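Below: work.txt (compact mmCIF, C-alpha atoms and all ligand atoms)
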```txt
# COMPACT_ATOMS: atom_id res chain seq x y z
CA MET V 1 -20.41 -157.63 -114.65
CA TYR V 2 -19.69 -154.63 -116.86
CA LYS V 3 -19.98 -150.95 -115.92
CA LEU V 4 -20.94 -148.20 -118.33
CA VAL V 5 -20.74 -144.53 -117.33
CA LEU V 6 -22.98 -142.00 -119.08
CA ILE V 7 -22.62 -138.26 -118.47
CA ARG V 8 -24.81 -135.51 -119.86
CA HIS V 9 -22.63 -132.47 -120.69
CA GLY V 10 -22.30 -129.72 -118.09
CA GLU V 11 -24.52 -126.65 -118.22
CA SER V 12 -24.35 -124.96 -121.65
CA THR V 13 -24.90 -121.29 -122.49
CA TRP V 14 -28.29 -122.18 -123.95
CA ASN V 15 -29.21 -124.32 -120.94
CA LEU V 16 -28.58 -121.18 -118.88
CA GLU V 17 -30.70 -119.09 -121.27
CA ASN V 18 -33.31 -121.88 -121.38
CA ARG V 19 -33.22 -122.15 -125.17
CA PHE V 20 -33.93 -125.24 -127.28
CA THR V 21 -30.50 -126.30 -128.48
CA GLY V 22 -30.52 -129.62 -130.35
CA TRP V 23 -27.65 -129.71 -132.85
CA THR V 24 -26.69 -126.04 -132.30
CA ASP V 25 -23.06 -126.10 -131.18
CA VAL V 26 -23.06 -123.96 -128.04
CA ASP V 27 -20.32 -124.05 -125.40
CA LEU V 28 -20.29 -124.75 -121.66
CA THR V 29 -20.81 -122.02 -119.08
CA ALA V 30 -18.34 -121.62 -116.19
CA THR V 31 -20.83 -123.66 -114.12
CA GLY V 32 -20.84 -126.34 -116.81
CA VAL V 33 -17.04 -126.52 -116.77
CA GLU V 34 -17.10 -126.91 -112.99
CA GLN V 35 -19.77 -129.65 -113.21
CA ALA V 36 -17.60 -131.54 -115.71
CA LYS V 37 -14.51 -131.22 -113.51
CA GLN V 38 -16.50 -132.33 -110.49
CA ALA V 39 -17.71 -135.39 -112.41
CA GLY V 40 -14.08 -136.27 -113.19
CA ARG V 41 -13.02 -135.80 -109.57
CA LEU V 42 -15.90 -137.94 -108.35
CA LEU V 43 -15.13 -140.74 -110.80
CA LYS V 44 -11.47 -140.71 -109.77
CA ALA V 45 -12.31 -140.64 -106.05
CA GLU V 46 -14.67 -143.60 -106.51
CA GLY V 47 -11.94 -145.61 -108.24
CA TYR V 48 -13.36 -145.56 -111.77
CA ASP V 49 -11.05 -145.92 -114.74
CA PHE V 50 -11.70 -146.18 -118.48
CA ASP V 51 -10.17 -147.59 -121.65
CA VAL V 52 -12.08 -145.61 -124.25
CA ALA V 53 -14.27 -142.53 -124.32
CA TYR V 54 -17.27 -141.83 -126.54
CA THR V 55 -18.78 -138.46 -127.28
CA SER V 56 -20.79 -136.54 -129.85
CA MET V 57 -19.71 -134.05 -132.52
CA LEU V 58 -20.78 -131.13 -130.32
CA LYS V 59 -18.41 -129.05 -128.19
CA ARG V 60 -20.51 -129.04 -125.00
CA ALA V 61 -20.18 -132.84 -124.79
CA THR V 62 -16.60 -132.91 -126.09
CA ARG V 63 -15.36 -130.30 -123.64
CA THR V 64 -17.18 -132.04 -120.81
CA LEU V 65 -15.25 -135.17 -121.71
CA TRP V 66 -11.95 -133.27 -121.81
CA HIS V 67 -12.51 -131.91 -118.30
CA VAL V 68 -13.52 -135.32 -116.98
CA LEU V 69 -10.43 -136.97 -118.49
CA ASP V 70 -8.18 -134.14 -117.36
CA GLU V 71 -9.31 -134.54 -113.75
CA MET V 72 -8.70 -138.28 -114.03
CA ASP V 73 -5.25 -137.83 -115.65
CA ARG V 74 -6.54 -139.75 -118.65
CA THR V 75 -6.26 -137.15 -121.43
CA TRP V 76 -4.41 -139.76 -123.51
CA LEU V 77 -7.40 -142.10 -123.79
CA PRO V 78 -8.76 -142.81 -127.28
CA VAL V 79 -11.89 -140.78 -128.00
CA VAL V 80 -14.59 -141.82 -130.46
CA HIS V 81 -16.79 -138.99 -131.78
CA SER V 82 -20.08 -139.85 -133.41
CA TRP V 83 -22.91 -137.69 -134.75
CA ARG V 84 -25.15 -140.54 -133.59
CA LEU V 85 -24.60 -139.38 -130.00
CA ASN V 86 -25.59 -135.79 -130.81
CA GLU V 87 -28.53 -134.22 -129.02
CA ARG V 88 -31.97 -134.85 -130.47
CA HIS V 89 -32.49 -132.37 -133.30
CA TYR V 90 -34.98 -129.75 -132.13
CA GLY V 91 -36.00 -128.58 -135.63
CA GLY V 92 -37.58 -125.14 -135.86
CA LEU V 93 -37.47 -124.76 -132.08
CA GLN V 94 -33.66 -124.50 -132.02
CA GLY V 95 -32.75 -121.12 -130.53
CA LEU V 96 -36.18 -120.39 -129.06
CA ASN V 97 -36.77 -119.94 -125.33
CA LYS V 98 -38.62 -122.86 -123.69
CA ALA V 99 -40.59 -120.74 -121.19
CA ASP V 100 -41.56 -118.23 -123.92
CA MET V 101 -42.85 -121.10 -126.04
CA ALA V 102 -44.86 -122.38 -123.05
CA LYS V 103 -46.41 -118.92 -122.63
CA GLN V 104 -47.21 -118.73 -126.33
CA TYR V 105 -48.34 -122.30 -127.06
CA GLY V 106 -49.09 -123.71 -123.59
CA GLU V 107 -47.14 -126.06 -121.33
CA ALA V 108 -48.89 -129.14 -122.75
CA GLN V 109 -47.63 -128.32 -126.25
CA VAL V 110 -44.10 -127.72 -124.99
CA LEU V 111 -44.21 -131.00 -123.04
CA GLN V 112 -45.25 -132.77 -126.22
CA TRP V 113 -42.42 -131.16 -128.17
CA ARG V 114 -39.89 -131.98 -125.45
CA ARG V 115 -40.94 -135.38 -124.28
CA SER V 116 -43.45 -137.16 -126.53
CA TYR V 117 -41.88 -140.30 -127.95
CA ASP V 118 -43.08 -140.04 -131.52
CA VAL V 119 -44.28 -136.50 -132.26
CA PRO V 120 -41.45 -134.37 -133.68
CA PRO V 121 -41.26 -130.58 -133.29
CA PRO V 122 -41.84 -128.49 -136.45
CA ALA V 123 -39.08 -129.19 -139.00
CA LEU V 124 -36.49 -126.71 -140.23
CA GLU V 125 -36.45 -125.94 -143.94
CA ALA V 126 -33.32 -127.48 -145.48
CA SER V 127 -32.43 -123.96 -146.64
CA ASP V 128 -32.79 -122.49 -143.12
CA PRO V 129 -29.47 -120.94 -142.04
CA ARG V 130 -29.83 -122.90 -138.78
CA SER V 131 -29.72 -126.23 -140.66
CA GLU V 132 -26.52 -128.23 -140.17
CA ARG V 133 -26.66 -129.69 -143.70
CA SER V 134 -23.74 -127.57 -144.91
CA ASP V 135 -21.68 -127.99 -141.74
CA VAL V 136 -18.31 -129.47 -142.71
CA ARG V 137 -18.21 -131.77 -139.69
CA TYR V 138 -21.08 -133.79 -141.18
CA ALA V 139 -19.61 -133.84 -144.71
CA LYS V 140 -19.35 -137.64 -144.73
CA LEU V 141 -23.09 -138.07 -144.12
CA GLN V 142 -25.81 -138.21 -146.73
CA PRO V 143 -27.87 -135.00 -146.52
CA GLU V 144 -30.93 -137.07 -145.49
CA GLN V 145 -29.00 -138.39 -142.46
CA ILE V 146 -28.73 -134.84 -141.10
CA PRO V 147 -32.09 -134.28 -139.42
CA LEU V 148 -34.35 -131.27 -139.92
CA THR V 149 -36.20 -132.29 -136.75
CA GLU V 150 -36.43 -135.41 -134.57
CA CYS V 151 -38.71 -136.98 -132.03
CA LEU V 152 -37.10 -139.31 -129.47
CA LYS V 153 -38.05 -142.29 -131.63
CA ASP V 154 -35.89 -140.86 -134.43
CA THR V 155 -33.02 -140.36 -131.97
CA VAL V 156 -33.35 -143.96 -130.77
CA ALA V 157 -33.20 -145.05 -134.43
CA ARG V 158 -29.77 -143.45 -134.88
CA VAL V 159 -28.27 -144.08 -131.41
CA ILE V 160 -29.02 -147.80 -131.13
CA PRO V 161 -27.23 -148.90 -134.35
CA PHE V 162 -24.13 -147.16 -132.97
CA TRP V 163 -24.58 -148.89 -129.62
CA GLU V 164 -24.85 -152.24 -131.38
CA GLU V 165 -22.03 -151.70 -133.86
CA SER V 166 -19.47 -149.92 -131.70
CA MET V 167 -20.22 -149.45 -128.01
CA ALA V 168 -21.66 -152.84 -127.10
CA PRO V 169 -18.89 -154.83 -128.86
CA ALA V 170 -16.27 -152.64 -127.13
CA ILE V 171 -17.82 -153.37 -123.73
CA LYS V 172 -17.98 -157.08 -124.49
CA ALA V 173 -14.31 -156.95 -125.49
CA GLY V 174 -13.58 -155.77 -121.94
CA LYS V 175 -13.20 -152.05 -122.59
CA ARG V 176 -14.44 -149.70 -119.88
CA LEU V 177 -16.45 -146.92 -121.52
CA VAL V 178 -17.19 -143.37 -120.45
CA VAL V 179 -19.73 -141.59 -122.63
CA THR V 180 -20.38 -137.85 -122.58
CA ALA V 181 -23.48 -137.01 -124.54
CA HIS V 182 -26.78 -135.16 -124.30
CA GLY V 183 -30.07 -135.24 -122.42
CA ASN V 184 -32.00 -136.91 -125.20
CA SER V 185 -29.31 -139.10 -126.74
CA ILE V 186 -28.81 -140.52 -123.23
CA ARG V 187 -32.60 -140.88 -122.81
CA ALA V 188 -32.64 -142.81 -126.10
CA LEU V 189 -29.96 -145.23 -124.88
CA VAL V 190 -31.50 -145.60 -121.42
CA LYS V 191 -34.94 -146.28 -122.95
CA TYR V 192 -33.41 -149.09 -124.99
CA LEU V 193 -31.28 -150.57 -122.19
CA ASP V 194 -34.02 -150.46 -119.54
CA HIS V 195 -36.90 -151.34 -121.90
CA ILE V 196 -38.78 -148.20 -120.81
CA SER V 197 -42.22 -147.83 -122.41
CA ASP V 198 -43.08 -144.96 -124.77
CA GLN V 199 -45.35 -143.59 -122.01
CA ASP V 200 -42.88 -143.85 -119.12
CA ILE V 201 -39.99 -142.27 -120.99
CA VAL V 202 -41.91 -138.95 -120.95
CA SER V 203 -41.07 -138.41 -117.28
CA LEU V 204 -37.37 -139.32 -117.49
CA ASN V 205 -35.03 -136.31 -117.29
CA ILE V 206 -31.23 -136.41 -117.23
CA PRO V 207 -29.35 -133.78 -115.17
CA ASN V 208 -26.19 -132.04 -116.40
CA GLY V 209 -22.76 -133.29 -115.43
CA ILE V 210 -23.60 -136.13 -113.01
CA PRO V 211 -22.16 -139.58 -113.84
CA LEU V 212 -24.91 -142.15 -114.39
CA VAL V 213 -23.54 -145.65 -113.83
CA TYR V 214 -25.09 -148.72 -115.47
CA GLU V 215 -24.10 -152.16 -114.22
CA LEU V 216 -24.67 -154.65 -117.03
CA ASP V 217 -24.72 -158.44 -117.07
CA ALA V 218 -22.87 -160.64 -119.58
CA ASP V 219 -25.63 -159.99 -122.15
CA LEU V 220 -25.45 -156.24 -121.46
CA GLN V 221 -28.82 -156.30 -119.72
CA PRO V 222 -28.95 -153.74 -116.89
CA ILE V 223 -28.62 -155.08 -113.36
CA ARG V 224 -29.01 -151.65 -111.75
CA HIS V 225 -28.17 -148.03 -112.34
CA TYR V 226 -27.44 -145.05 -110.11
CA TYR V 227 -26.07 -141.52 -110.11
CA LEU V 228 -22.68 -141.10 -108.46
CA GLY V 229 -22.57 -138.71 -105.53
CA ASP V 230 -25.56 -137.14 -103.81
CA ALA V 231 -28.70 -138.97 -105.01
CA ALA V 232 -31.04 -136.25 -103.72
CA ALA V 233 -29.07 -133.58 -105.59
CA ALA V 234 -29.28 -135.65 -108.79
CA ALA V 235 -33.05 -136.06 -108.36
CA SER V 236 -33.58 -132.35 -107.78
CA ALA V 237 -31.38 -131.47 -110.80
CA ALA V 238 -33.49 -133.86 -112.94
CA ALA V 239 -36.68 -132.20 -111.64
CA ALA V 240 -35.25 -128.79 -112.58
CA VAL V 241 -34.73 -130.06 -116.15
CA ALA V 242 -38.39 -131.13 -116.26
CA SER V 243 -39.44 -127.62 -115.14
CA GLN V 244 -37.64 -125.86 -117.99
CA GLY V 245 -40.79 -126.18 -120.10
CA LYS V 246 -42.98 -124.27 -117.65
CA ALA V 247 -44.38 -120.85 -118.61
O1 LIG S 301 -31.42 -129.47 -126.78
C1 LIG S 301 -31.79 -128.97 -125.73
O2 LIG S 301 -32.50 -127.95 -125.66
C2 LIG S 301 -31.37 -129.58 -124.41
O3 LIG S 301 -30.08 -129.99 -124.48
C3 LIG S 301 -32.28 -130.72 -124.04
O4 LIG S 301 -33.50 -130.18 -123.98
P1 LIG S 301 -34.81 -130.81 -123.33
O5 LIG S 301 -34.53 -131.17 -121.93
O6 LIG S 301 -35.80 -129.66 -123.47
O7 LIG S 301 -35.20 -131.97 -124.21
```
Using structure tokens, write down the structure that the file contains.
Ligand SMILES: O=C(O)[C@H](O)COP(=O)(O)O
Amino acid sequence: MYKLVLIRHGESTWNLENRFTGWTDVDLTATGVEQAKQAGRLLKAEGYDFDVAYTSMLKRATRTLWHVLDEMDRTWLPVVHSWRLNERHYGGLQGLNKADMAKQYGEAQVLQWRRSYDVPPPALEASDPRSERSDVRYAKLQPEQIPLTECLKDTVARVIPFWEESMAPAIKAGKRLVVTAHGNSIRALVKYLDHISDQDIVSLNIPNGIPLVYELDADLQPIRHYYLGDAAAAASAAAAVASQGKA
């Protein structure tokens, strides 16, 4: 049996301000730092250890990983960064307040933008100053690989090749992985692993900074999954994420 640990980054400045973030590179708040440290302490206390860490190209996930590894005295572990683990690109919504958008366009529209499987939010213009197409960290990508918007289906389409090419082979080679990523890149992976339908994925929300453990069989099929620590607190934190789109 293999174990895979997934952690959504701790609270970010734009989580606190309730703004659509996507690929915008915002930092953790003091609360987010504490959540990340707490995740590391919990993992250590529960006897977890890792051989390799995976994270995105964004600082809220990267710093979360650093705090986790620091608490575990594992700052020397190899770290793999991939743009494929970045948050879902939120297109023209990036920077806008979720509750304001619900007031202006209605909660049903915001729910569709946030959670529908295959309807993307309005796209950014490639020339929009918010576009990441000229960001040096993505210089090795083709411009078309840098999204101007994404629905979850698009995020699945970039996360799963990385799972298959890098993460899954590492797990099968006996490496213990910790992954710090984002609400929707984790939803993409979880949808794939648990074979969640396009309808049921709408109601899945991932809380900040709580380790989500997957136990996987020899074929990497999930046996069970659970949040470490207080299950009720994890459920209420996930419900709070769902509520961010209310007017
Ligand atoms: O990009 C964002 O705004 C958040 O990290 C995830 O947002 P969501 O829960 O609204 O999809």
What separates atom O3 of ligand LIG 301 (chain S) and atom CA of His9 of chain V is a distance of 8.7 Å
| message | Which residues are close to Ala218 of chain V, i.e. within 12 Å by all atoms listed in the file, leaving aside same-chain residues fewer than 2 positions away? Reply as a PyMOL selection string. | response | chain V and resi 1-3+168-169+171-174+215-216+220-223
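Of the listed residues V:Arg130, V:Arg114, V:His81, V:Arg224, the one whose atoms come nearest to Gln244 of chain V is V:Arg114, with distances taken using all atoms listed in the file.
Every residue having at least one atom no farther than 8 Å from ligand LIG 301 (chain S) is included below, with all atoms listed in the file taken into account: Trp14, Asn15, Asn18, Arg19, Phe20, Thr21, Gly22, Trp23, Glu87, Arg88, His89, Tyr90, Gln94, Lys98, Arg114, Arg115, His182, Gly183, Asn184, Asn205, Ile206, Val241, Ala242, Gln244 and Gly245 of chain V.
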| said: Please determine, counting all atoms listed in the file, which residue among V:Leu111, V:Ala39, V:Ala157, V:Ile196 has the shortest atom-to-atom distance to Asn208 of chain V. | reply: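 Going through V:Leu111, V:Ala39, V:Ala157, V:Ile196 one by one, the smallest distance to Asn208 of chain V is for V:Ala39.
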**Report entry** Residues within 7 Å of Phe50 of chain V, all atoms listed in the file, excluding chain neighbours under 3 positions, as a list in words
**Finding:** Arg176, Leu177 and Val178 of chain V
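Note that the spacing between atom CA of Asp217 of chain V and atom CA of Leu6 of chain V amounts to 16.7 Å.
Nearest-residue note for Ile146 of chain V: choosing from V:Asn86, V:Ser203, V:Ala99, V:Thr75, the minimum distance belongs to V:Asn86, counting only C-alpha atoms.
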Contacts of Glu17 of chain V within 10 Å, all atoms listed in the file, excl. fewer than 5 positions in-chain, as a list in words: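 Using all atoms listed in the file, the neighbours found are Ser12, Gly95, Leu96, Asn97 and Lys98 of chain V.
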Would you save the residues from that selection as a PDB file, in the frame of the given file, using C-alpha atoms?
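Written out: selection30.pdb:
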```
ATOM      1  CA  SER V  12     -24.350-124.960-121.650  1.00  0.00           C
ATOM      2  CA  GLY V  95     -32.750-121.120-130.530  1.00  0.00           C
ATOM      3  CA  LEU V  96     -36.180-120.390-129.060  1.00  0.00           C
ATOM      4  CA  ASN V  97     -36.770-119.940-125.330  1.00  0.00           C
ATOM      5  CA  LYS V  98     -38.620-122.860-123.690  1.00  0.00           C
TER       6      LYS V  98
END
```
One residue among V:Ala53, V:Arg41, V:Gly91, V:Met101 is nearest to Asp73 of chain V when using only C-alpha atoms, and that residue is V:Arg41
Quote the spacing between atom CA of Ser236 of chain V and atom CA of Val190 of chain V in Å to one decimal place.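 Computing it gives 19.1 Å between the two atoms.
When only C-alpha atoms are used to compute distances to Thr180 of chain V, the closest of the residues V:Val110, V:Met72, V:Ala45, V:Val79 turns out to be V:Val79.
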Closest of V:Tyr48, V:Trp163, V:Tyr138, V:Tyr117 to Ile201 of chain V, counting only C-alpha atoms, is V:Tyr117
Near-Lys153 of chain V list (10 Å; all atoms listed in the file; drop same-chain fewer than 2 positions) as a compact mmCIF listing (two decimals) with C-alpha atoms, in the coordinates of the input:
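part-v7.txt written:
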```txt
# COMPACT_ATOMS: atom_id res chain seq x y z
CA ARG V 88 -31.97 -134.85 -130.47
CA SER V 116 -43.45 -137.16 -126.53
CA TYR V 117 -41.88 -140.30 -127.95
CA ASP V 118 -43.08 -140.04 -131.52
CA VAL V 119 -44.28 -136.50 -132.26
CA PRO V 120 -41.45 -134.37 -133.68
CA GLU V 150 -36.43 -135.41 -134.57
CA CYS V 151 -38.71 -136.98 -132.03
CA THR V 155 -33.02 -140.36 -131.97
CA VAL V 156 -33.35 -143.96 -130.77
CA ALA V 157 -33.20 -145.05 -134.43
CA ARG V 158 -29.77 -143.45 -134.88
CA VAL V 159 -28.27 -144.08 -131.41
CA ALA V 188 -32.64 -142.81 -126.10
CA ASP V 198 -43.08 -144.96 -124.77
```
What lies within 12 Å of Glu71 of chain V using all atoms listed in the file, ignoring chain neighbours under 2 positions off, as a list of chain:residue names?
V:Val33, V:Glu34, V:Gln35, V:Ala36, V:Lys37, V:Gln38, V:Ala39, V:Gly40, V:Arg41, V:Leu42, V:Leu43, V:Lys44, V:Ala45, V:Tyr48, V:Asp49, V:Thr64, V:Leu65, V:Trp66, V:His67, V:Val68, V:Leu69, V:Asp73, V:Arg74, V:Thr75
Please report, as lines of an AutoDock Vina configuration file, the centre and edge lengths in Å to one decimal of an axis-aligned box covering all listed atoms of segment 7-21 of chain V with 5 Å per side.
```
center_x = -28.1
center_y = -128.7
center_z = -123.3
size_x = 21.6
size_y = 29.2
size_z = 20.4
```
Is there a way to complete segment 127-140 of chain V with N, CA and C atoms and then write that out as a compact mmCIF listing (two decimals), in the coordinates of the input?
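Saved result, selection-v5.txt, follows:
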```txt
# COMPACT_ATOMS: atom_id res chain seq x y z
N SER V 127 -33.15 -125.20 -146.28
CA SER V 127 -32.43 -123.96 -146.64
C SER V 127 -32.29 -123.00 -145.45
N ASP V 128 -32.86 -123.37 -144.30
CA ASP V 128 -32.79 -122.49 -143.12
C ASP V 128 -31.32 -122.34 -142.71
N PRO V 129 -30.87 -121.11 -142.45
CA PRO V 129 -29.47 -120.94 -142.04
C PRO V 129 -29.11 -121.72 -140.78
N ARG V 130 -30.13 -122.10 -139.98
CA ARG V 130 -29.83 -122.90 -138.78
C ARG V 130 -29.58 -124.37 -139.11
N SER V 131 -29.91 -124.80 -140.33
CA SER V 131 -29.72 -126.23 -140.66
C SER V 131 -28.23 -126.57 -140.67
N GLU V 132 -27.91 -127.78 -140.24
CA GLU V 132 -26.52 -128.23 -140.17
C GLU V 132 -26.10 -128.94 -141.46
N ARG V 133 -26.95 -128.89 -142.50
CA ARG V 133 -26.66 -129.69 -143.70
C ARG V 133 -25.40 -129.24 -144.44
N SER V 134 -24.98 -127.98 -144.24
CA SER V 134 -23.74 -127.57 -144.91
C SER V 134 -22.56 -127.50 -143.94
N ASP V 135 -22.75 -128.03 -142.74
CA ASP V 135 -21.68 -127.99 -141.74
C ASP V 135 -20.62 -129.05 -142.11
N VAL V 136 -19.39 -128.61 -142.22
CA VAL V 136 -18.31 -129.47 -142.71
C VAL V 136 -18.11 -130.71 -141.82
N ARG V 137 -18.46 -130.60 -140.56
CA ARG V 137 -18.21 -131.77 -139.69
C ARG V 137 -19.09 -132.96 -140.05
N TYR V 138 -20.19 -132.69 -140.79
CA TYR V 138 -21.08 -133.79 -141.18
C TYR V 138 -20.92 -134.13 -142.66
N ALA V 139 -19.78 -133.71 -143.26
CA ALA V 139 -19.61 -133.84 -144.71
C ALA V 139 -19.68 -135.29 -145.18
N LYS V 140 -19.35 -136.24 -144.29
CA LYS V 140 -19.35 -137.64 -144.73
C LYS V 140 -20.76 -138.24 -144.74
```
